[in-house]
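Dropping data01.pdb in here (PDB, C-alpha atoms, pLDDT in the B column):
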```
ATOM      1  CA  MET A  39      33.762 -44.663  -6.052  1.00 37.00           C
ATOM      2  CA  GLN A  40      31.250 -45.089  -3.246  1.00 35.00           C
ATOM      3  CA  ARG A  41      32.722 -42.086  -1.427  1.00 37.00           C
ATOM      4  CA  LEU A  42      32.449 -40.009  -4.622  1.00 32.00           C
ATOM      5  CA  VAL A  43      28.775 -40.902  -4.985  1.00 30.00           C
ATOM      6  CA  ILE A  44      28.130 -39.968  -1.344  1.00 34.00           C
ATOM      7  CA  TRP A  45      29.839 -36.612  -1.817  1.00 33.00           C
ATOM      8  CA  LEU A  46      27.849 -35.951  -5.005  1.00 31.00           C
ATOM      9  CA  LEU A  47      24.571 -36.766  -3.260  1.00 34.00           C
ATOM     10  CA  ALA A  48      25.528 -34.550  -0.334  1.00 32.00           C
ATOM     11  CA  GLY A  49      26.314 -31.725  -2.732  1.00 31.00           C
ATOM     12  CA  ILE A  50      22.992 -32.120  -4.550  1.00 30.00           C
ATOM     13  CA  VAL A  51      21.074 -32.149  -1.269  1.00 34.00           C
ATOM     14  CA  SER A  52      22.971 -29.069  -0.078  1.00 32.00           C
ATOM     15  CA  VAL A  53      22.177 -27.163  -3.278  1.00 31.00           C
ATOM     16  CA  ALA A  54      18.524 -28.229  -3.114  1.00 33.00           C
ATOM     17  CA  VAL A  55      18.159 -27.141   0.506  1.00 36.00           C
ATOM     18  CA  THR A  56      19.837 -23.805  -0.215  1.00 33.00           C
ATOM     19  CA  ALA A  57      17.580 -23.214  -3.228  1.00 34.00           C
ATOM     20  CA  LEU A  58      14.465 -24.032  -1.212  1.00 36.00           C
ATOM     21  CA  ALA A  59      15.544 -21.735   1.607  1.00 40.00           C
ATOM     22  CA  PHE A  60      15.768 -18.769  -0.756  1.00 39.00           C
ATOM     23  CA  LEU A  61      12.694 -19.349  -2.911  1.00 47.00           C
ATOM     24  CA  PRO A  62      11.401 -15.817  -3.624  1.00 52.00           C
ATOM     25  CA  ALA A  63       8.104 -14.499  -2.267  1.00 63.00           C
ATOM     26  CA  THR A  64       6.909 -14.079  -5.857  1.00 69.00           C
ATOM     27  CA  TRP A  65       6.261 -17.825  -5.850  1.00 66.00           C
ATOM     28  CA  MET A  66       3.421 -17.118  -3.429  1.00 70.00           C
ATOM     29  CA  ALA A  67       1.928 -14.712  -5.997  1.00 70.00           C
ATOM     30  CA  SER A  68       1.846 -17.461  -8.613  1.00 72.00           C
ATOM     31  CA  LEU A  69       0.190 -19.781  -6.100  1.00 70.00           C
ATOM     32  CA  LEU A  70      -2.504 -17.195  -5.265  1.00 71.00           C
ATOM     33  CA  GLU A  71      -3.218 -16.522  -8.936  1.00 71.00           C
ATOM     34  CA  THR A  72      -3.607 -20.254  -9.592  1.00 70.00           C
ATOM     35  CA  GLN A  73      -5.948 -20.816  -6.645  1.00 66.00           C
ATOM     36  CA  THR A  74      -8.151 -17.805  -7.539  1.00 69.00           C
ATOM     37  CA  ALA A  75      -8.260 -18.487 -11.292  1.00 65.00           C
ATOM     38  CA  GLY A  76      -6.295 -15.309 -12.011  1.00 66.00           C
ATOM     39  CA  ARG A  77      -8.582 -12.964 -10.046  1.00 70.00           C
ATOM     40  CA  LEU A  78      -6.068 -12.078  -7.317  1.00 75.00           C
ATOM     41  CA  THR A  79      -2.321 -11.683  -7.062  1.00 79.00           C
ATOM     42  CA  LEU A  80       0.337 -10.273  -4.734  1.00 80.00           C
ATOM     43  CA  GLY A  81       1.881  -6.867  -5.304  1.00 82.00           C
ATOM     44  CA  ASP A  82       5.350  -5.733  -4.215  1.00 84.00           C
ATOM     45  CA  ALA A  83       6.130  -9.207  -2.821  1.00 83.00           C
ATOM     46  CA  GLN A  84       9.207  -9.123  -0.553  1.00 87.00           C
ATOM     47  CA  GLY A  85      11.110 -11.815   1.302  1.00 85.00           C
ATOM     48  CA  SER A  86      10.924 -15.524   0.633  1.00 83.00           C
ATOM     49  CA  LEU A  87       8.309 -18.221   0.215  1.00 80.00           C
ATOM     50  CA  TRP A  88       8.818 -19.097   3.888  1.00 85.00           C
ATOM     51  CA  ARG A  89       8.715 -15.585   5.354  1.00 88.00           C
ATOM     52  CA  GLY A  90       7.586 -12.606   3.346  1.00 87.00           C
ATOM     53  CA  SER A  91       5.061  -9.835   2.832  1.00 89.00           C
ATOM     54  CA  ALA A  92       2.985  -8.272   0.070  1.00 86.00           C
ATOM     55  CA  PHE A  93      -0.293  -6.511  -0.595  1.00 87.00           C
ATOM     56  CA  ILE A  94      -3.243  -8.281  -2.193  1.00 83.00           C
ATOM     57  CA  GLY A  95      -4.440  -6.868  -5.506  1.00 79.00           C
ATOM     58  CA  GLY A  96      -6.400  -7.754  -8.585  1.00 71.00           C
ATOM     59  CA  ALA A  97      -4.406  -9.653 -11.189  1.00 63.00           C
ATOM     60  CA  PRO A  98      -3.269  -7.038 -13.735  1.00 62.00           C
ATOM     61  CA  SER A  99      -4.043  -7.173 -17.433  1.00 63.00           C
ATOM     62  CA  GLY A 100      -1.218  -6.368 -19.816  1.00 60.00           C
ATOM     63  CA  ASN A 101       1.253  -3.902 -18.345  1.00 65.00           C
ATOM     64  CA  ASP A 102      -1.204  -2.376 -15.868  1.00 66.00           C
ATOM     65  CA  PRO A 103       0.144  -2.079 -12.301  1.00 71.00           C
ATOM     66  CA  VAL A 104      -1.284  -4.183  -9.483  1.00 73.00           C
ATOM     67  CA  THR A 105      -3.869  -2.148  -7.549  1.00 75.00           C
ATOM     68  CA  PRO A 106      -4.268  -2.927  -3.814  1.00 80.00           C
ATOM     69  CA  LEU A 107      -7.712  -4.320  -2.978  1.00 79.00           C
ATOM     70  CA  LEU A 108      -7.311  -4.445   0.804  1.00 83.00           C
ATOM     71  CA  PRO A 109      -5.656  -2.108   3.315  1.00 86.00           C
ATOM     72  CA  GLY A 110      -2.151  -2.781   4.604  1.00 90.00           C
ATOM     73  CA  ARG A 111       0.398  -5.446   3.778  1.00 91.00           C
ATOM     74  CA  PHE A 112      -0.012  -9.119   4.567  1.00 90.00           C
ATOM     75  CA  SER A 113       2.970 -10.897   6.076  1.00 91.00           C
ATOM     76  CA  TRP A 114       3.248 -14.665   6.251  1.00 89.00           C
ATOM     77  CA  ARG A 115       5.323 -17.368   7.845  1.00 91.00           C
ATOM     78  CA  LEU A 116       5.278 -20.861   6.319  1.00 87.00           C
ATOM     79  CA  SER A 117       6.992 -23.789   8.008  1.00 89.00           C
ATOM     80  CA  PRO A 118       9.362 -25.844   5.795  1.00 85.00           C
ATOM     81  CA  LEU A 119       7.505 -28.883   7.179  1.00 86.00           C
ATOM     82  CA  VAL A 120       5.131 -28.329   4.264  1.00 82.00           C
ATOM     83  CA  LEU A 121       7.703 -30.236   2.189  1.00 81.00           C
ATOM     84  CA  LEU A 122       6.895 -33.266   4.341  1.00 85.00           C
ATOM     85  CA  GLY A 123       3.131 -32.820   3.978  1.00 86.00           C
ATOM     86  CA  ARG A 124       2.444 -30.797   7.130  1.00 91.00           C
ATOM     87  CA  VAL A 125       1.044 -27.283   6.716  1.00 89.00           C
ATOM     88  CA  ASP A 126       1.734 -24.743   9.469  1.00 93.00           C
ATOM     89  CA  ALA A 127       1.366 -21.105   8.418  1.00 90.00           C
ATOM     90  CA  LYS A 128       0.494 -17.753   9.973  1.00 94.00           C
ATOM     91  CA  LEU A 129      -0.907 -14.678   8.215  1.00 91.00           C
ATOM     92  CA  GLU A 130      -0.832 -11.172   9.722  1.00 94.00           C
ATOM     93  CA  ASN A 131      -2.032  -7.711   8.704  1.00 93.00           C
ATOM     94  CA  ALA A 132      -2.733  -5.253  11.516  1.00 94.00           C
ATOM     95  CA  ALA A 133      -4.543  -2.877   9.129  1.00 93.00           C
ATOM     96  CA  ALA A 134      -7.060  -5.445   7.865  1.00 90.00           C
ATOM     97  CA  LEU A 135      -7.162  -8.530  10.115  1.00 91.00           C
ATOM     98  CA  SER A 136      -8.609  -8.508  13.633  1.00 94.00           C
ATOM     99  CA  GLN A 137      -5.918 -10.984  14.695  1.00 95.00           C
ATOM    100  CA  PRO A 138      -3.284 -13.236  13.118  1.00 95.00           C
ATOM    101  CA  VAL A 139      -4.735 -16.173  11.177  1.00 94.00           C
ATOM    102  CA  SER A 140      -3.287 -19.662  11.540  1.00 94.00           C
ATOM    103  CA  VAL A 141      -3.590 -22.329   8.859  1.00 92.00           C
ATOM    104  CA  THR A 142      -2.707 -25.888   9.843  1.00 94.00           C
ATOM    105  CA  GLY A 143      -3.216 -29.304   8.318  1.00 92.00           C
ATOM    106  CA  SER A 144      -1.862 -31.348   5.430  1.00 91.00           C
ATOM    107  CA  TRP A 145      -1.512 -30.901   1.681  1.00 86.00           C
ATOM    108  CA  HIS A 146      -5.186 -31.757   1.204  1.00 89.00           C
ATOM    109  CA  GLN A 147      -6.970 -30.532   4.347  1.00 92.00           C
ATOM    110  CA  TRP A 148      -6.585 -27.315   6.328  1.00 91.00           C
ATOM    111  CA  GLN A 149      -8.012 -25.690   9.427  1.00 95.00           C
ATOM    112  CA  VAL A 150      -8.291 -21.888   9.438  1.00 93.00           C
ATOM    113  CA  SER A 151      -8.491 -20.083  12.793  1.00 94.00           C
ATOM    114  CA  PRO A 152     -11.337 -17.590  13.422  1.00 95.00           C
ATOM    115  CA  ALA A 153     -10.816 -13.892  12.669  1.00 94.00           C
ATOM    116  CA  SER A 154     -12.334 -11.008  10.732  1.00 94.00           C
ATOM    117  CA  ILE A 155     -11.113  -8.816   7.911  1.00 91.00           C
ATOM    118  CA  LEU A 156     -12.031  -5.280   6.843  1.00 88.00           C
ATOM    119  CA  LEU A 157     -13.183  -4.895   3.251  1.00 84.00           C
ATOM    120  CA  PRO A 158     -13.843  -1.658   1.346  1.00 81.00           C
ATOM    121  CA  ALA A 159     -17.472  -1.492   0.157  1.00 81.00           C
ATOM    122  CA  GLU A 160     -16.270   0.312  -2.965  1.00 78.00           C
ATOM    123  CA  ARG A 161     -15.000  -3.046  -4.238  1.00 68.00           C
ATOM    124  CA  LEU A 162     -18.583  -4.321  -4.547  1.00 68.00           C
ATOM    125  CA  ALA A 163     -18.772  -2.425  -7.834  1.00 66.00           C
ATOM    126  CA  ALA A 164     -16.513  -5.110  -9.331  1.00 59.00           C
ATOM    127  CA  LEU A 165     -19.435  -7.561  -9.075  1.00 56.00           C
ATOM    128  CA  GLY A 166     -21.130  -5.829 -12.013  1.00 59.00           C
ATOM    129  CA  ALA A 167     -24.637  -4.484 -12.527  1.00 60.00           C
ATOM    130  CA  PRO A 168     -26.374  -2.913 -10.726  1.00 64.00           C
ATOM    131  CA  LEU A 169     -23.601  -2.396  -8.145  1.00 69.00           C
ATOM    132  CA  ASN A 170     -21.229  -0.814 -10.647  1.00 71.00           C
ATOM    133  CA  THR A 171     -23.911   1.824 -11.310  1.00 72.00           C
ATOM    134  CA  ILE A 172     -24.839   2.375  -7.655  1.00 77.00           C
ATOM    135  CA  GLN A 173     -21.163   2.759  -6.622  1.00 82.00           C
ATOM    136  CA  PRO A 174     -21.614   1.759  -2.948  1.00 85.00           C
ATOM    137  CA  SER A 175     -19.360   3.057  -0.183  1.00 88.00           C
ATOM    138  CA  GLY A 176     -19.023   2.322   3.510  1.00 89.00           C
ATOM    139  CA  GLN A 177     -17.394  -0.282   5.727  1.00 89.00           C
ATOM    140  CA  MET A 178     -17.600  -4.050   5.512  1.00 89.00           C
ATOM    141  CA  ARG A 179     -16.297  -6.664   7.904  1.00 92.00           C
ATOM    142  CA  LEU A 180     -16.106 -10.354   6.988  1.00 91.00           C
ATOM    143  CA  SER A 181     -15.779 -12.653  10.005  1.00 94.00           C
ATOM    144  CA  TRP A 182     -15.627 -16.417  10.243  1.00 93.00           C
ATOM    145  CA  ASN A 183     -15.671 -19.199  12.800  1.00 94.00           C
ATOM    146  CA  PRO A 184     -13.045 -21.964  12.517  1.00 95.00           C
ATOM    147  CA  LEU A 185     -13.149 -23.183   8.919  1.00 93.00           C
ATOM    148  CA  GLN A 186     -12.381 -26.621   7.544  1.00 94.00           C
ATOM    149  CA  LEU A 187     -11.045 -26.659   3.981  1.00 91.00           C
ATOM    150  CA  ALA A 188     -10.400 -29.703   1.822  1.00 91.00           C
ATOM    151  CA  ARG A 189      -9.072 -30.079  -1.695  1.00 85.00           C
ATOM    152  CA  GLN A 190     -11.217 -32.217  -3.989  1.00 82.00           C
ATOM    153  CA  GLY A 191      -9.542 -32.421  -7.383  1.00 79.00           C
ATOM    154  CA  ASN A 192      -9.189 -28.854  -8.652  1.00 74.00           C
ATOM    155  CA  THR A 193     -11.754 -27.426  -6.243  1.00 79.00           C
ATOM    156  CA  ILE A 194     -11.807 -26.447  -2.562  1.00 82.00           C
ATOM    157  CA  GLU A 195     -14.612 -27.542  -0.238  1.00 88.00           C
ATOM    158  CA  VAL A 196     -15.418 -25.458   2.835  1.00 91.00           C
ATOM    159  CA  ALA A 197     -17.237 -26.289   6.067  1.00 94.00           C
ATOM    160  CA  GLY A 198     -18.115 -23.498   8.504  1.00 95.00           C
ATOM    161  CA  SER A 199     -19.931 -20.186   8.768  1.00 95.00           C
ATOM    162  CA  MET A 200     -19.091 -16.635   7.693  1.00 94.00           C
ATOM    163  CA  ASN A 201     -20.755 -13.322   8.341  1.00 95.00           C
ATOM    164  CA  LEU A 202     -20.477 -10.138   6.267  1.00 92.00           C
ATOM    165  CA  GLU A 203     -21.394  -6.935   8.106  1.00 94.00           C
ATOM    166  CA  MET A 204     -22.068  -3.914   5.885  1.00 92.00           C
ATOM    167  CA  ILE A 205     -21.966  -0.736   7.955  1.00 91.00           C
ATOM    168  CA  ASP A 206     -23.131   2.784   6.988  1.00 91.00           C
ATOM    169  CA  ILE A 207     -23.561   1.834   3.345  1.00 91.00           C
ATOM    170  CA  ALA A 208     -24.124   4.792   1.002  1.00 91.00           C
ATOM    171  CA  SER A 209     -24.383   5.469  -2.739  1.00 89.00           C
ATOM    172  CA  ARG A 210     -23.338   8.420  -4.846  1.00 86.00           C
ATOM    173  CA  LEU A 211     -26.773   8.227  -6.517  1.00 85.00           C
ATOM    174  CA  SER A 212     -28.755   8.808  -3.333  1.00 88.00           C
ATOM    175  CA  PRO A 213     -29.120  11.951  -1.183  1.00 88.00           C
ATOM    176  CA  VAL A 214     -29.904   9.693   1.799  1.00 90.00           C
ATOM    177  CA  LYS A 215     -26.667   8.881   3.633  1.00 91.00           C
ATOM    178  CA  PRO A 216     -26.206   6.382   5.057  1.00 93.00           C
ATOM    179  CA  LEU A 217     -28.719   4.020   3.477  1.00 93.00           C
ATOM    180  CA  GLY A 218     -28.439   1.535   6.311  1.00 94.00           C
ATOM    181  CA  ALA A 219     -26.536  -1.359   7.821  1.00 95.00           C
ATOM    182  CA  TYR A 220     -26.919  -4.950   6.638  1.00 94.00           C
ATOM    183  CA  ASN A 221     -25.838  -8.464   7.458  1.00 95.00           C
ATOM    184  CA  LEU A 222     -25.173 -11.346   5.048  1.00 93.00           C
ATOM    185  CA  ALA A 223     -24.702 -14.761   6.689  1.00 96.00           C
ATOM    186  CA  PHE A 224     -23.057 -17.703   4.886  1.00 94.00           C
ATOM    187  CA  ASP A 225     -23.327 -21.355   5.892  1.00 95.00           C
ATOM    188  CA  TRP A 226     -20.759 -23.352   3.934  1.00 93.00           C
ATOM    189  CA  ARG A 227     -21.228 -27.036   3.111  1.00 93.00           C
ATOM    190  CA  GLY A 228     -18.636 -28.215   0.613  1.00 88.00           C
ATOM    191  CA  ARG A 229     -18.764 -26.174  -2.589  1.00 86.00           C
ATOM    192  CA  GLN A 230     -22.117 -24.624  -1.701  1.00 91.00           C
ATOM    193  CA  ALA A 231     -23.125 -21.935   0.763  1.00 93.00           C
ATOM    194  CA  SER A 232     -26.598 -20.823   1.788  1.00 95.00           C
ATOM    195  CA  MET A 233     -27.001 -17.044   2.247  1.00 94.00           C
ATOM    196  CA  VAL A 234     -29.401 -14.940   4.313  1.00 97.00           C
ATOM    197  CA  LEU A 235     -29.526 -11.128   3.975  1.00 95.00           C
ATOM    198  CA  THR A 236     -31.088  -9.021   6.758  1.00 97.00           C
ATOM    199  CA  THR A 237     -31.249  -5.305   7.634  1.00 96.00           C
ATOM    200  CA  SER A 238     -29.872  -4.046  10.943  1.00 94.00           C
ATOM    201  CA  LYS A 239     -31.164  -0.500  10.378  1.00 92.00           C
ATOM    202  CA  GLY A 240     -32.666   1.525   7.507  1.00 84.00           C
ATOM    203  CA  PRO A 241     -33.851   3.723   5.919  1.00 94.00           C
ATOM    204  CA  MET A 242     -33.419   1.349   2.952  1.00 93.00           C
ATOM    205  CA  LEU A 243     -34.541  -2.132   3.951  1.00 94.00           C
ATOM    206  CA  LEU A 244     -33.055  -5.212   2.280  1.00 93.00           C
ATOM    207  CA  ASN A 245     -33.728  -8.886   2.913  1.00 94.00           C
ATOM    208  CA  GLY A 246     -33.638 -12.192   1.081  1.00 94.00           C
ATOM    209  CA  SER A 247     -31.873 -15.516   0.762  1.00 95.00           C
ATOM    210  CA  GLY A 248     -30.027 -17.578  -1.786  1.00 94.00           C
ATOM    211  CA  THR A 249     -27.143 -19.908  -2.516  1.00 93.00           C
ATOM    212  CA  LEU A 250     -23.580 -19.664  -3.759  1.00 87.00           C
ATOM    213  CA  VAL A 251     -22.595 -22.762  -5.742  1.00 87.00           C
ATOM    214  CA  ASN A 252     -19.157 -23.072  -7.375  1.00 79.00           C
ATOM    215  CA  GLY A 253     -18.851 -19.282  -7.397  1.00 73.00           C
ATOM    216  CA  ARG A 254     -22.278 -18.770  -9.008  1.00 82.00           C
ATOM    217  CA  MET A 255     -24.858 -16.834  -6.982  1.00 84.00           C
ATOM    218  CA  GLN A 256     -28.618 -17.282  -6.962  1.00 89.00           C
ATOM    219  CA  PHE A 257     -30.523 -14.826  -4.779  1.00 90.00           C
ATOM    220  CA  SER A 258     -34.123 -13.795  -4.272  1.00 91.00           C
ATOM    221  CA  GLY A 259     -35.222 -10.961  -1.986  1.00 91.00           C
ATOM    222  CA  LYS A 260     -36.728  -7.504  -1.822  1.00 92.00           C
ATOM    223  CA  ALA A 261     -35.822  -3.880  -1.173  1.00 92.00           C
ATOM    224  CA  GLU A 262     -38.077  -1.173   0.196  1.00 92.00           C
ATOM    225  CA  ALA A 263     -37.966   2.224   1.894  1.00 91.00           C
ATOM    226  CA  GLU A 264     -38.895   3.003   5.445  1.00 91.00           C
ATOM    227  CA  ALA A 265     -42.097   4.967   5.906  1.00 87.00           C
ATOM    228  CA  GLY A 266     -41.510   8.586   4.928  1.00 87.00           C
ATOM    229  CA  GLN A 267     -38.423   7.863   2.800  1.00 89.00           C
ATOM    230  CA  GLU A 268     -40.198   6.508  -0.311  1.00 88.00           C
ATOM    231  CA  GLU A 269     -39.707   9.581  -2.510  1.00 88.00           C
ATOM    232  CA  ARG A 270     -36.088  10.202  -1.534  1.00 91.00           C
ATOM    233  CA  LEU A 271     -35.145   6.571  -2.250  1.00 91.00           C
ATOM    234  CA  ALA A 272     -37.351   6.018  -5.321  1.00 88.00           C
ATOM    235  CA  ASN A 273     -34.649   6.580  -7.970  1.00 87.00           C
ATOM    236  CA  LEU A 274     -32.114   4.346  -6.262  1.00 88.00           C
ATOM    237  CA  LEU A 275     -34.629   1.563  -5.604  1.00 89.00           C
ATOM    238  CA  ASN A 276     -35.672   1.563  -9.250  1.00 86.00           C
ATOM    239  CA  LEU A 277     -32.089   0.696 -10.217  1.00 84.00           C
ATOM    240  CA  LEU A 278     -32.068  -2.397  -8.024  1.00 84.00           C
ATOM    241  CA  GLY A 279     -34.840  -4.350  -9.730  1.00 84.00           C
ATOM    242  CA  GLN A 280     -38.464  -4.544 -10.832  1.00 86.00           C
ATOM    243  CA  ARG A 281     -41.155  -2.867  -8.775  1.00 86.00           C
ATOM    244  CA  ARG A 282     -44.043  -5.004  -7.475  1.00 85.00           C
ATOM    245  CA  ARG A 283     -46.959  -4.663  -5.096  1.00 81.00           C
ATOM    246  CA  GLU A 284     -46.739  -6.569  -1.828  1.00 79.00           C
ATOM    247  CA  GLY A 285     -48.781  -6.172   1.343  1.00 73.00           C
ATOM    248  CA  GLY A 286     -50.395  -2.991   0.068  1.00 74.00           C
ATOM    249  CA  LYS A 287     -47.122  -1.192  -0.700  1.00 78.00           C
ATOM    250  CA  ASP A 288     -44.490  -1.037  -3.414  1.00 80.00           C
ATOM    251  CA  VAL A 289     -41.308  -3.109  -3.037  1.00 88.00           C
ATOM    252  CA  ILE A 290     -38.429  -3.869  -5.372  1.00 88.00           C
ATOM    253  CA  ALA A 291     -37.720  -7.487  -6.295  1.00 90.00           C
ATOM    254  CA  LEU A 292     -34.049  -8.413  -5.897  1.00 88.00           C
ATOM    255  CA  GLU A 293     -33.290 -11.312  -8.226  1.00 85.00           C
ATOM    256  CA  PHE A 294     -29.825 -12.562  -9.146  1.00 81.00           C
ATOM    257  CA  LYS A 295     -29.460 -15.767 -11.176  1.00 78.00           C
TER     258      LYS A 295
END
```

Output the file's structure in the form of structure tokens.
Amino acid sequence: MQRLVIWLLAGIVSVAVTALAFLPATWMASLLETQTAGRLTLGDAQGSLWRGSAFIGGAPSGNDPVTPLLPGRFSWRLSPLVLLGRVDAKLENAAALSQPVSVTGSWHQWQVSPASILLPAERLAALGAPLNTIQPSGQMRLSWNPLQLARQGNTIEVAGSMNLEMIDIASRLSPVKPLGAYNLAFDWRGRQASMVLTTSKGPMLLNGSGTLVNGRMQFSGKAEAEAGQEERLANLLNLLGQRRREGGKDVIALEFK
């Protein structure tokens, strides 16, 4: 009887190990959807939970296909040690990431290695008005120093800094191309990040500061045209906010709450 029990347990363990080894990559899609509240998913997921690849897209509605949001395919390797509470993963995408990204830690705390990722400026339109009207284009690069992430209940807390470079930004509503290059710095402390927006070069000048708390943005700043570009940028600037007088010249108030 004892030998029978041992053989049954061995069989159950063998089946469990085999099942875990061949968990499909689509499980990673479900995990991403859960962690992003349904905003993102994986498209054309191939391989297994432990070693696979897919592209990142917006979660589809109804029978709509998944549309890629970022260039290239992301491939991942996840160590089975995660079953014992130790996270050791690597993420690669030569088309979007400056270098492979390592994620290490436990079930509740992770360290993310520094890197940068290319983002299409066209996706800013998804943030709503007035960006969906302006239809921006250009290049964006999001970089980060080593990040510390920790799970607190159903939320993720972050410690570290990020930097979003916006290069040769243009708009279909403006004859001036490009409008300029900009930098948005984030300093993360838990579920809140402070933000500072500066202009690297014009002719449209943007600056301001704000906070991002639990996904909700509050921002206050201004937009203005370089000397000599006021008339050519007037229509576009009027779409960004309310005009006000400051320092003897007209500027546009940028307010997001």

Exactly which residues make up the result of the PyMOL selection byres ((chain A and resi 203-207) around 12) on this file, given as a PDB file with C-alpha atoms, in the frame of the given file?
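Final output, saved to part-v8.pdb:
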```pdb
ATOM      1  CA  SER A 154     -12.334 -11.008  10.732  1.00 94.00           C
ATOM      2  CA  ILE A 155     -11.113  -8.816   7.911  1.00 91.00           C
ATOM      3  CA  LEU A 156     -12.031  -5.280   6.843  1.00 88.00           C
ATOM      4  CA  LEU A 157     -13.183  -4.895   3.251  1.00 84.00           C
ATOM      5  CA  PRO A 158     -13.843  -1.658   1.346  1.00 81.00           C
ATOM      6  CA  ALA A 159     -17.472  -1.492   0.157  1.00 81.00           C
ATOM      7  CA  GLU A 160     -16.270   0.312  -2.965  1.00 78.00           C
ATOM      8  CA  LEU A 162     -18.583  -4.321  -4.547  1.00 68.00           C
ATOM      9  CA  ILE A 172     -24.839   2.375  -7.655  1.00 77.00           C
ATOM     10  CA  GLN A 173     -21.163   2.759  -6.622  1.00 82.00           C
ATOM     11  CA  PRO A 174     -21.614   1.759  -2.948  1.00 85.00           C
ATOM     12  CA  SER A 175     -19.360   3.057  -0.183  1.00 88.00           C
ATOM     13  CA  GLY A 176     -19.023   2.322   3.510  1.00 89.00           C
ATOM     14  CA  GLN A 177     -17.394  -0.282   5.727  1.00 89.00           C
ATOM     15  CA  MET A 178     -17.600  -4.050   5.512  1.00 89.00           C
ATOM     16  CA  ARG A 179     -16.297  -6.664   7.904  1.00 92.00           C
ATOM     17  CA  LEU A 180     -16.106 -10.354   6.988  1.00 91.00           C
ATOM     18  CA  SER A 181     -15.779 -12.653  10.005  1.00 94.00           C
ATOM     19  CA  TRP A 182     -15.627 -16.417  10.243  1.00 93.00           C
ATOM     20  CA  MET A 200     -19.091 -16.635   7.693  1.00 94.00           C
ATOM     21  CA  ASN A 201     -20.755 -13.322   8.341  1.00 95.00           C
ATOM     22  CA  LEU A 202     -20.477 -10.138   6.267  1.00 92.00           C
ATOM     23  CA  ALA A 208     -24.124   4.792   1.002  1.00 91.00           C
ATOM     24  CA  SER A 209     -24.383   5.469  -2.739  1.00 89.00           C
ATOM     25  CA  ARG A 210     -23.338   8.420  -4.846  1.00 86.00           C
ATOM     26  CA  SER A 212     -28.755   8.808  -3.333  1.00 88.00           C
ATOM     27  CA  VAL A 214     -29.904   9.693   1.799  1.00 90.00           C
ATOM     28  CA  LYS A 215     -26.667   8.881   3.633  1.00 91.00           C
ATOM     29  CA  PRO A 216     -26.206   6.382   5.057  1.00 93.00           C
ATOM     30  CA  LEU A 217     -28.719   4.020   3.477  1.00 93.00           C
ATOM     31  CA  GLY A 218     -28.439   1.535   6.311  1.00 94.00           C
ATOM     32  CA  ALA A 219     -26.536  -1.359   7.821  1.00 95.00           C
ATOM     33  CA  TYR A 220     -26.919  -4.950   6.638  1.00 94.00           C
ATOM     34  CA  ASN A 221     -25.838  -8.464   7.458  1.00 95.00           C
ATOM     35  CA  LEU A 222     -25.173 -11.346   5.048  1.00 93.00           C
ATOM     36  CA  ALA A 223     -24.702 -14.761   6.689  1.00 96.00           C
ATOM     37  CA  PHE A 224     -23.057 -17.703   4.886  1.00 94.00           C
ATOM     38  CA  VAL A 234     -29.401 -14.940   4.313  1.00 97.00           C
ATOM     39  CA  LEU A 235     -29.526 -11.128   3.975  1.00 95.00           C
ATOM     40  CA  THR A 236     -31.088  -9.021   6.758  1.00 97.00           C
ATOM     41  CA  THR A 237     -31.249  -5.305   7.634  1.00 96.00           C
ATOM     42  CA  SER A 238     -29.872  -4.046  10.943  1.00 94.00           C
ATOM     43  CA  LYS A 239     -31.164  -0.500  10.378  1.00 92.00           C
ATOM     44  CA  GLY A 240     -32.666   1.525   7.507  1.00 84.00           C
ATOM     45  CA  PRO A 241     -33.851   3.723   5.919  1.00 94.00           C
ATOM     46  CA  MET A 242     -33.419   1.349   2.952  1.00 93.00           C
ATOM     47  CA  LEU A 243     -34.541  -2.132   3.951  1.00 94.00           C
ATOM     48  CA  LEU A 244     -33.055  -5.212   2.280  1.00 93.00           C
TER      49      LEU A 244
END
```

Legend entry - A:Met66, A:Ile94, A:Leu292, A:Ala272 ranked by distance to A:Leu78, top pick (using all atoms listed in the file):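 Looking only at the distances to A:Leu78, the closest residue turns out to be A:Ile94.
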
Inset, instruction - Could you jot down the atom CA of A:Glu195 to atom CA of A:Ala83 separation for me, Å, one decimal place? - result: 27.8 Å

Apply the PyMOL selection byres ((chain A and resi 194) around 10) to the file shown and report the selected residues as a PDB file with C-alpha atoms, in the coordinates of the input.
```
ATOM      1  CA  GLN A  73      -5.948 -20.816  -6.645  1.00 66.00           C
ATOM      2  CA  HIS A 146      -5.186 -31.757   1.204  1.00 89.00           C
ATOM      3  CA  GLN A 147      -6.970 -30.532   4.347  1.00 92.00           C
ATOM      4  CA  LEU A 187     -11.045 -26.659   3.981  1.00 91.00           C
ATOM      5  CA  ALA A 188     -10.400 -29.703   1.822  1.00 91.00           C
ATOM      6  CA  ARG A 189      -9.072 -30.079  -1.695  1.00 85.00           C
ATOM      7  CA  GLN A 190     -11.217 -32.217  -3.989  1.00 82.00           C
ATOM      8  CA  GLY A 191      -9.542 -32.421  -7.383  1.00 79.00           C
ATOM      9  CA  ASN A 192      -9.189 -28.854  -8.652  1.00 74.00           C
ATOM     10  CA  THR A 193     -11.754 -27.426  -6.243  1.00 79.00           C
ATOM     11  CA  GLU A 195     -14.612 -27.542  -0.238  1.00 88.00           C
ATOM     12  CA  VAL A 196     -15.418 -25.458   2.835  1.00 91.00           C
ATOM     13  CA  GLY A 228     -18.636 -28.215   0.613  1.00 88.00           C
ATOM     14  CA  ARG A 229     -18.764 -26.174  -2.589  1.00 86.00           C
ATOM     15  CA  ASN A 252     -19.157 -23.072  -7.375  1.00 79.00           C
TER      16      ASN A 252
END
```

Inset, instruction - Measuring atom to atom with only C-alpha atoms, identify which of A:Gly95, A:Ala132, A:Thr105, A:Gly123 is nearest to A:Ser144. - result: A:Gly123

Inset, instruction - Name the closest residue to A:Pro152 among the candidates A:Gly81, A:Pro118, A:Gly198, A:Gly110; distances are taken between atoms, counting all atoms listed in the file. - result: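 Counting all atoms listed in the file, the residue closest to A:Pro152 is A:Gly198.
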